[in-house]
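Visitor: Provided herewith: coords_28.cif, mmCIF, C-alpha atoms and all ligand atoms.
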```cif
data_target
loop_
_atom_site.label_atom_id
_atom_site.label_comp_id
_atom_site.auth_asym_id
_atom_site.auth_seq_id
_atom_site.Cartn_x
_atom_site.Cartn_y
_atom_site.Cartn_z
CA MET A 839 0.00 0.00 0.00
CA GLU A 840 1.46 3.37 -1.02
CA PRO A 841 0.40 6.98 -0.44
CA THR A 842 -1.03 9.00 -3.36
CA ARG A 843 -1.07 12.73 -4.08
CA TRP A 844 -4.62 12.87 -2.62
CA PRO A 845 -4.42 13.31 1.16
CA GLY A 846 -5.56 10.13 2.93
CA VAL A 847 -5.94 8.03 -0.23
CA ALA A 848 -3.70 4.97 -0.57
CA ARG A 849 -2.95 2.93 -3.67
CA ASP A 850 -2.09 -0.70 -4.34
CA GLY A 851 -1.29 -1.02 -8.04
CA ARG A 852 -4.21 0.61 -9.85
CA ASP A 853 -6.62 0.28 -6.93
CA LEU A 854 -7.42 3.18 -4.59
CA TYR A 855 -8.17 2.71 -0.88
CA THR A 856 -9.29 4.74 2.12
CA ARG A 857 -8.55 3.85 5.73
CA ASN A 858 -11.64 2.16 7.16
CA LEU A 859 -13.23 4.22 9.94
CA GLU A 860 -15.23 1.12 10.87
CA PRO A 861 -12.80 -1.82 10.79
CA GLY A 862 -14.33 -5.14 9.82
CA THR A 863 -17.30 -3.54 8.05
CA THR A 864 -17.94 -3.04 4.35
CA VAL A 865 -20.49 -0.55 3.03
CA TYR A 866 -21.17 -1.73 -0.53
CA GLY A 867 -19.36 -5.04 -0.76
CA GLU A 868 -15.98 -3.41 -1.40
CA ALA A 869 -12.78 -5.36 -0.70
CA LEU A 870 -11.02 -4.88 2.64
CA ARG A 871 -7.23 -5.06 3.02
CA SER A 872 -5.18 -5.01 6.20
CA VAL A 873 -1.59 -3.78 6.11
CA ASP A 874 0.53 -3.36 9.26
CA GLY A 875 -2.56 -3.43 11.46
CA VAL A 876 -4.45 -0.80 9.44
CA GLU A 877 -7.57 -1.78 7.51
CA TYR A 878 -8.36 -0.16 4.17
CA ARG A 879 -11.49 -0.20 1.99
CA ARG A 880 -11.15 -0.36 -1.77
CA TRP A 881 -12.64 2.74 -3.40
CA ASP A 882 -14.32 1.55 -6.60
CA PRO A 883 -14.36 4.06 -9.50
CA TRP A 884 -17.18 2.08 -11.14
CA ARG A 885 -19.34 2.76 -8.09
CA SER A 886 -18.16 6.24 -7.03
CA LYS A 887 -17.84 9.20 -9.40
CA LEU A 888 -15.37 10.87 -7.07
CA ALA A 889 -13.05 7.86 -7.28
CA ALA A 890 -13.52 7.97 -11.07
CA ALA A 891 -12.47 11.64 -11.03
CA LEU A 892 -9.29 10.72 -9.11
CA VAL A 893 -8.43 7.87 -11.48
CA ASN A 894 -9.04 10.23 -14.41
CA GLY A 895 -6.54 12.78 -13.16
CA ALA A 896 -8.07 15.10 -10.54
CA SER A 897 -5.60 17.32 -8.69
CA GLU A 898 -4.79 16.93 -4.99
CA GLU A 899 -6.90 20.07 -4.24
CA ILE A 900 -10.05 18.15 -5.04
CA LEU A 901 -9.67 16.30 -1.73
CA GLY A 902 -8.49 19.29 0.33
CA ARG A 903 -9.70 18.67 3.90
CA PRO A 904 -12.90 20.60 4.73
CA ASP A 905 -14.41 21.17 8.19
CA ARG A 906 -18.04 21.16 7.09
CA VAL A 907 -19.56 19.59 3.99
CA LEU A 908 -22.99 19.63 2.37
CA TYR A 909 -23.43 16.56 0.13
CA LEU A 910 -26.51 16.50 -2.10
CA GLY A 911 -27.71 13.11 -3.39
CA GLY A 912 -26.17 10.74 -0.87
CA ALA A 913 -28.02 7.64 -2.14
CA HIS A 914 -26.97 4.59 -0.07
CA GLY A 915 -23.75 6.30 1.02
CA THR A 916 -21.17 4.72 -1.28
CA THR A 917 -19.11 7.87 -1.91
CA VAL A 918 -20.19 9.43 1.37
CA SER A 919 -18.63 6.49 3.25
CA HIS A 920 -15.22 7.20 1.69
CA LEU A 921 -15.47 10.91 2.55
CA SER A 922 -16.33 9.79 6.08
CA ASP A 923 -13.13 7.68 6.09
CA LEU A 924 -11.05 10.57 4.71
CA TRP A 925 -12.34 13.33 6.99
CA PRO A 926 -13.16 11.75 10.36
CA ASP A 927 -13.30 15.12 12.14
CA ALA A 928 -15.51 16.86 9.59
CA ALA A 929 -19.28 17.35 9.81
CA ILE A 930 -20.74 15.91 6.60
CA TYR A 931 -24.42 16.79 6.06
CA VAL A 932 -25.96 14.42 3.53
CA VAL A 933 -29.22 15.27 1.75
CA GLU A 934 -31.20 12.46 0.12
CA LYS A 935 -34.82 12.66 -0.97
CA SER A 936 -35.65 9.00 -1.62
CA PRO A 937 -36.87 7.24 1.54
CA ALA A 938 -35.67 3.90 0.11
CA SER A 939 -32.10 5.25 -0.21
CA PHE A 940 -32.31 7.17 3.03
CA ALA A 941 -32.81 4.03 5.16
CA PRO A 942 -29.33 2.53 4.47
CA LEU A 943 -27.82 6.03 4.63
CA LEU A 944 -29.30 6.48 8.10
CA ALA A 945 -27.98 3.09 9.19
CA LEU A 946 -24.50 4.12 7.96
CA ALA A 947 -24.71 7.44 9.80
CA ARG A 948 -25.63 5.68 13.06
CA ARG A 949 -22.23 3.95 12.88
CA ARG A 950 -20.23 6.99 11.72
CA ALA A 951 -20.45 10.10 13.88
CA ASN A 952 -19.25 12.49 11.15
CA LEU A 953 -22.32 11.79 8.92
CA LEU A 954 -25.47 13.86 9.46
CA PRO A 955 -28.21 12.65 7.09
CA LEU A 956 -31.22 14.73 6.10
CA LEU A 957 -34.28 13.32 4.33
CA ALA A 958 -34.95 16.34 2.14
CA ASP A 959 -35.27 17.67 -1.40
CA ALA A 960 -32.12 19.43 -2.63
CA GLN A 961 -34.39 21.72 -4.67
CA LEU A 962 -35.60 23.24 -1.41
CA PRO A 963 -32.46 24.30 0.51
CA GLU A 964 -34.47 26.75 2.59
CA ARG A 965 -35.90 23.69 4.39
CA TYR A 966 -32.51 22.61 5.76
CA ARG A 967 -30.23 25.66 5.64
CA ALA A 968 -30.81 26.42 9.34
CA ASP A 969 -29.81 22.85 10.31
CA VAL A 970 -26.75 22.80 8.07
CA GLY A 971 -25.43 26.33 8.62
CA GLU A 972 -22.33 27.36 6.64
CA VAL A 973 -20.16 24.74 4.93
CA ASP A 974 -16.82 25.01 3.14
CA LEU A 975 -17.47 22.25 0.58
CA LEU A 976 -20.64 21.71 -1.45
CA TYR A 977 -20.77 18.33 -3.26
CA GLN A 978 -23.64 17.53 -5.60
CA ASP A 979 -24.56 14.29 -7.36
CA VAL A 980 -28.28 14.43 -8.13
CA ALA A 981 -29.63 13.15 -11.43
CA GLN A 982 -31.85 16.16 -12.19
CA ARG A 983 -32.54 18.30 -15.24
CA ASP A 984 -31.50 21.60 -13.63
CA GLN A 985 -28.31 20.53 -11.84
CA VAL A 986 -26.54 23.89 -12.17
CA ARG A 987 -29.49 25.78 -10.67
CA ILE A 988 -29.78 23.33 -7.74
CA PHE A 989 -26.05 23.68 -7.11
CA THR A 990 -26.15 27.48 -7.20
CA GLU A 991 -29.18 27.76 -4.92
CA ASN A 992 -27.58 25.45 -2.36
CA ALA A 993 -24.36 27.43 -2.54
CA GLU A 994 -26.29 30.64 -1.89
CA ALA A 995 -28.01 29.01 1.07
CA CYS A 996 -25.11 27.20 2.72
CA LEU A 997 -21.65 27.72 1.17
CA ALA A 998 -19.13 30.07 2.80
CA PRO A 999 -17.92 32.89 0.50
CA ALA A 1000 -14.49 31.26 0.18
CA GLY A 1001 -15.97 27.77 -0.10
CA ARG A 1002 -15.56 25.40 -3.02
CA GLY A 1003 -17.80 23.02 -4.91
CA LEU A 1004 -17.76 19.66 -6.66
CA LEU A 1005 -20.55 19.11 -9.16
CA MET A 1006 -20.98 15.68 -10.71
CA LEU A 1007 -22.94 16.48 -13.87
CA LYS A 1008 -25.09 13.73 -15.34
CA VAL A 1009 -25.47 14.89 -18.91
CA ARG A 1010 -28.45 12.71 -19.79
CA SER A 1011 -30.49 14.01 -16.90
CA VAL A 1012 -30.34 17.48 -18.49
CA THR A 1013 -31.74 16.27 -21.82
CA GLN A 1014 -31.69 13.16 -24.00
CA ARG A 1015 -32.01 15.18 -27.17
CA ARG A 1016 -28.76 17.10 -27.72
CA PRO A 1017 -25.11 16.04 -28.03
CA ALA A 1018 -23.29 15.52 -24.76
CA ALA A 1019 -20.56 18.04 -25.64
CA ALA A 1020 -23.15 20.81 -26.10
CA ILE A 1021 -24.74 20.06 -22.74
CA VAL A 1022 -21.37 20.08 -20.98
CA ARG A 1023 -20.53 23.40 -22.69
CA GLU A 1024 -23.84 24.93 -21.65
CA SER A 1025 -23.45 23.69 -18.08
CA ARG A 1026 -19.95 25.20 -17.92
CA SER A 1027 -21.33 28.51 -19.23
CA GLY A 1028 -24.19 28.33 -16.74
CA LEU A 1029 -21.70 27.90 -13.91
CA GLY A 1030 -19.74 30.89 -15.22
CA ARG A 1031 -22.87 33.07 -15.42
CA ALA A 1032 -23.71 32.09 -11.85
CA GLY A 1033 -20.30 33.38 -10.70
CA TRP A 1034 -18.32 30.13 -10.60
CA ARG A 1035 -14.79 29.63 -11.87
CA VAL A 1036 -14.22 26.09 -13.13
CA ALA A 1037 -10.86 25.02 -11.67
CA GLU A 1038 -11.06 21.46 -13.02
CA GLU A 1039 -13.29 19.65 -15.51
CA ILE A 1040 -12.90 15.88 -15.62
CA ALA A 1041 -14.79 13.50 -17.90
CA LEU A 1042 -15.72 10.39 -15.92
CA GLY A 1043 -15.81 7.78 -18.68
CA PRO A 1044 -15.56 4.85 -18.91
CA PHE A 1045 -16.63 4.54 -15.24
CA ALA A 1046 -19.66 6.82 -15.55
CA ARG A 1047 -20.55 7.45 -19.19
CA GLU A 1048 -21.58 11.00 -20.13
CA HIS A 1049 -20.78 12.38 -16.70
CA VAL A 1050 -18.40 15.25 -15.95
CA ALA A 1051 -16.95 16.41 -12.64
CA PHE A 1052 -16.62 20.18 -12.24
CA ALA A 1053 -14.45 21.46 -9.38
CA VAL A 1054 -15.46 25.08 -8.90
CA ARG A 1055 -14.75 28.18 -6.83
CA ARG A 1056 -16.50 31.49 -6.69
C1 LIG A 1101 -26.46 8.98 -8.72
S1 LIG A 1101 -27.24 8.82 -7.20
C2 LIG A 1101 -26.01 9.39 -6.05
C3 LIG A 1101 -24.86 8.45 -5.82
C4 LIG A 1101 -24.00 8.89 -4.65
N1 LIG A 1101 -23.68 10.30 -4.74
C5 LIG A 1101 -22.70 8.12 -4.56
O1 LIG A 1101 -21.75 8.46 -5.26
O2 LIG A 1101 -22.62 7.19 -3.77
C6 LIG A 1101 -28.31 10.19 -7.19
C7 LIG A 1101 -29.10 10.34 -5.90
O3 LIG A 1101 -29.67 11.64 -5.87
C8 LIG A 1101 -30.91 11.54 -5.26
N2 LIG A 1101 -31.68 12.73 -5.65
C9 LIG A 1101 -32.18 13.02 -6.88
N3 LIG A 1101 -32.82 14.19 -6.84
C10 LIG A 1101 -32.70 14.66 -5.57
C11 LIG A 1101 -33.16 15.82 -4.92
N4 LIG A 1101 -33.86 16.76 -5.57
N5 LIG A 1101 -32.87 15.97 -3.62
C12 LIG A 1101 -32.16 15.04 -2.95
N6 LIG A 1101 -31.71 13.92 -3.51
C13 LIG A 1101 -31.98 13.72 -4.82
C14 LIG A 1101 -31.49 10.24 -5.79
O4 LIG A 1101 -32.53 9.77 -4.96
C15 LIG A 1101 -30.26 9.35 -5.78
O5 LIG A 1101 -30.16 8.64 -4.57
#
```
Please render this file's structure as structure tokens.

Guide:
Amino acid sequence: MEPTRWPGVARDGRDLYTRNLEPGTTVYGEALRSVDGVEYRRWDPWRSKLAAALVNGASEEILGRPDRVLYLGGAHGTTVSHLSDLWPDAAIYVVEKSPASFAPLLALARRRANLLPLLADAQLPERYRADVGEVDLLYQDVAQRDQVRIFTENAEACLAPAGRGLLMLKVRSVTQRRPAAAIVRESRSGLGRAGWRVAEEIALGPFAREHVAFAVRR
């Protein structure tokens, strides 16, 4: 097991790992490895778009350690669990609107004190902004048509002025009708019009087809 340029992420050959905050437990059937008394969980880029962004060349800044995080679209907690491993002292608020996905997310959060799940609609940040307060990282992975608007409204509600964002854009949720490149271009322009500077843009294929990760700052 070797360190990588991303703080807290280890590598064995091509595989990425995070140090398991909950030794002996897997979250989504991922492989566990113990080295010198430390247990690691394999971080699968086919299951986590953030791992795909790392494999596809994201900079070390993408995993800069935040104190407070708002994560939109937590699903069952696959990626969230690795952020929980990476940032044990952070407060990670996780919004998920599907009750079926929220149940396993809640079970995960009961075992990991840094996860704070909220059963809520990311389109209505005014419903949870008082609970969340101000965060320094906004992460979004919701398969919705208006992903840039949802991201911007949540940033206005909860992101500190010097905060940063990670937007996992699912192109085909925006529209099925136009070429992917045009949708990515329009989303980038939309981010620019909303006051965001795109620091990194990473295509996530082949792990997540027609998805792009945007790392942004105001
Ligand atoms: C692609 S999955 C997220 C996968 C997860 N981020 C991961 O990497 O482990 C998208 C999730 O967003 C949720 N979602 C979609 N629209 C939402 C909304 N408006 N508010 C909150 N969650 C939403 C869906 O229920 C689904 O669980």

Visitor: Considering all atoms listed in the file, can you say which of A:Ser897, A:Gln961, A:Ser1011, A:Thr990 comes closest to A:Arg1031?

Guide: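 Result for the nearest residue to A:Arg1031: A:Thr990.
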
Visitor: Given only C-alpha atoms and all ligand atoms as the basis, pick out the residue of A:Ser886, A:Thr842, A:Thr864, A:Thr856 nearest to ligand LIG 1101 (chain A).

Guide: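 Of A:Ser886, A:Thr842, A:Thr864, A:Thr856, the one nearest ligand LIG 1101 (chain A) is A:Ser886, counting only C-alpha atoms and all ligand atoms.
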
Visitor: What residues of the protein or nucleic acid chains come within 7 Å of ligand LIG 1101 (chain A) when you use all atoms listed in the file? Reply as a list in words.

Guide: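 Here is the list of contacting residues: Arg885, Ser886, Lys887, Leu910, Gly911, Gly912, Ala913, His914, Gly915, Thr916, Thr917, Val918, Val933, Glu934, Lys935, Ser936, Ser939, Ala958, Asp959, Ala960, Gln961, Asp979, Val980, Ala981 and Gln982 of chain A.
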
Visitor: List the neighbours of stretch 1035-1052 of chain A out to 12 Å using all atoms listed in the file; skip same-chain residues closer than 3 positions along the sequence, and give me the result as number ranges by chain.

Guide: A: 882-900, 976-981, 985-986, 989, 1001-1014, 1017-1023, 1025-1032, 1055-1056

Visitor: Using only C-alpha atoms, which residue out of A:Asp923, A:Glu994, A:Asp984, A:Glu840 lies closest to A:Gly971?

Guide: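 Result for the nearest residue to A:Gly971: A:Glu994.
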
Visitor: Record the distance separating atom CA of A:Glu1024 and atom CA of A:Ala998, expressed in Å with one decimal.

Guide: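 Atom CA of A:Ala998 lies 25.4 Å from atom CA of A:Glu1024.
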
Visitor: Using only C-alpha atoms, which residue out of A:Pro926, A:Gly875, A:Pro937, A:Pro845 lies closest to A:Asn952?

Guide: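 Distance minimum relative to A:Asn952 lands on A:Pro926.
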
Visitor: Please compute the atom CA of A:Leu921-atom CA of A:Pro942 distance, one decimal, in Å.

Guide: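 Atom-to-atom, atom CA of A:Leu921 and atom CA of A:Pro942 are spaced 16.3 Å apart.
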
Visitor: Could you jot down the atom CA of A:Arg880 to atom CA of A:Ser922 separation for me, Å, one decimal place?

Guide: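 About the pair atom CA of A:Arg880 and atom CA of A:Ser922: they are 13.8 Å apart.
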
Visitor: Show which residues sit within 10 Å of A:Ala951, as an mmCIF file with C-alpha atoms, in the coordinates of the input. Count all atoms listed in the file, and ignore same-chain residues fewer than 5 positions away.

Guide:
```cif
data_model
loop_
_atom_site.group_PDB
_atom_site.id
_atom_site.type_symbol
_atom_site.label_atom_id
_atom_site.label_comp_id
_atom_site.auth_asym_id
_atom_site.auth_seq_id
_atom_site.Cartn_x
_atom_site.Cartn_y
_atom_site.Cartn_z
ATOM 1 C CA SER A 922 -16.330 9.790 6.080
ATOM 2 C CA PRO A 926 -13.160 11.750 10.360
ATOM 3 C CA ASP A 927 -13.300 15.120 12.140
ATOM 4 C CA ALA A 928 -15.510 16.860 9.590
ATOM 5 C CA ALA A 929 -19.280 17.350 9.810
ATOM 6 C CA ILE A 930 -20.740 15.910 6.600
ATOM 7 C CA LEU A 946 -24.500 4.120 7.960
#
```

Visitor: May I have the residues within 7 Å of A:Leu954 as an MDAnalysis selection string, using all atoms listed in the file and disregarding those fewer than 3 positions away in the same chain?

Guide: chainID A and resid 930:932 947

Visitor: In terms of the shortest atom-to-atom distance over all atoms listed in the file, which of A:Arg987, A:Arg849, A:Arg843, A:Arg871 is closest to A:Gly902?

Guide: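 Going through A:Arg987, A:Arg849, A:Arg843, A:Arg871 one by one, the smallest distance to A:Gly902 is for A:Arg843.
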
Visitor: When you count all atoms listed in the file, which of these residues is closest to A:Leu870: A:Arg965, A:Arg1015, A:Arg857, A:Arg852?

Guide: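 Between A:Arg965, A:Arg1015, A:Arg857, A:Arg852, the residue approaching A:Leu870 most closely is A:Arg857.
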
Visitor: Could you pull out every residue with an atom within 7 Å of (-9.4, 3.7, 0.8), file coordinates, counting all atoms listed in the file, and send them as a PyMOL selection string?

Guide: chain A and resi 847-848+854-858+878-881+920
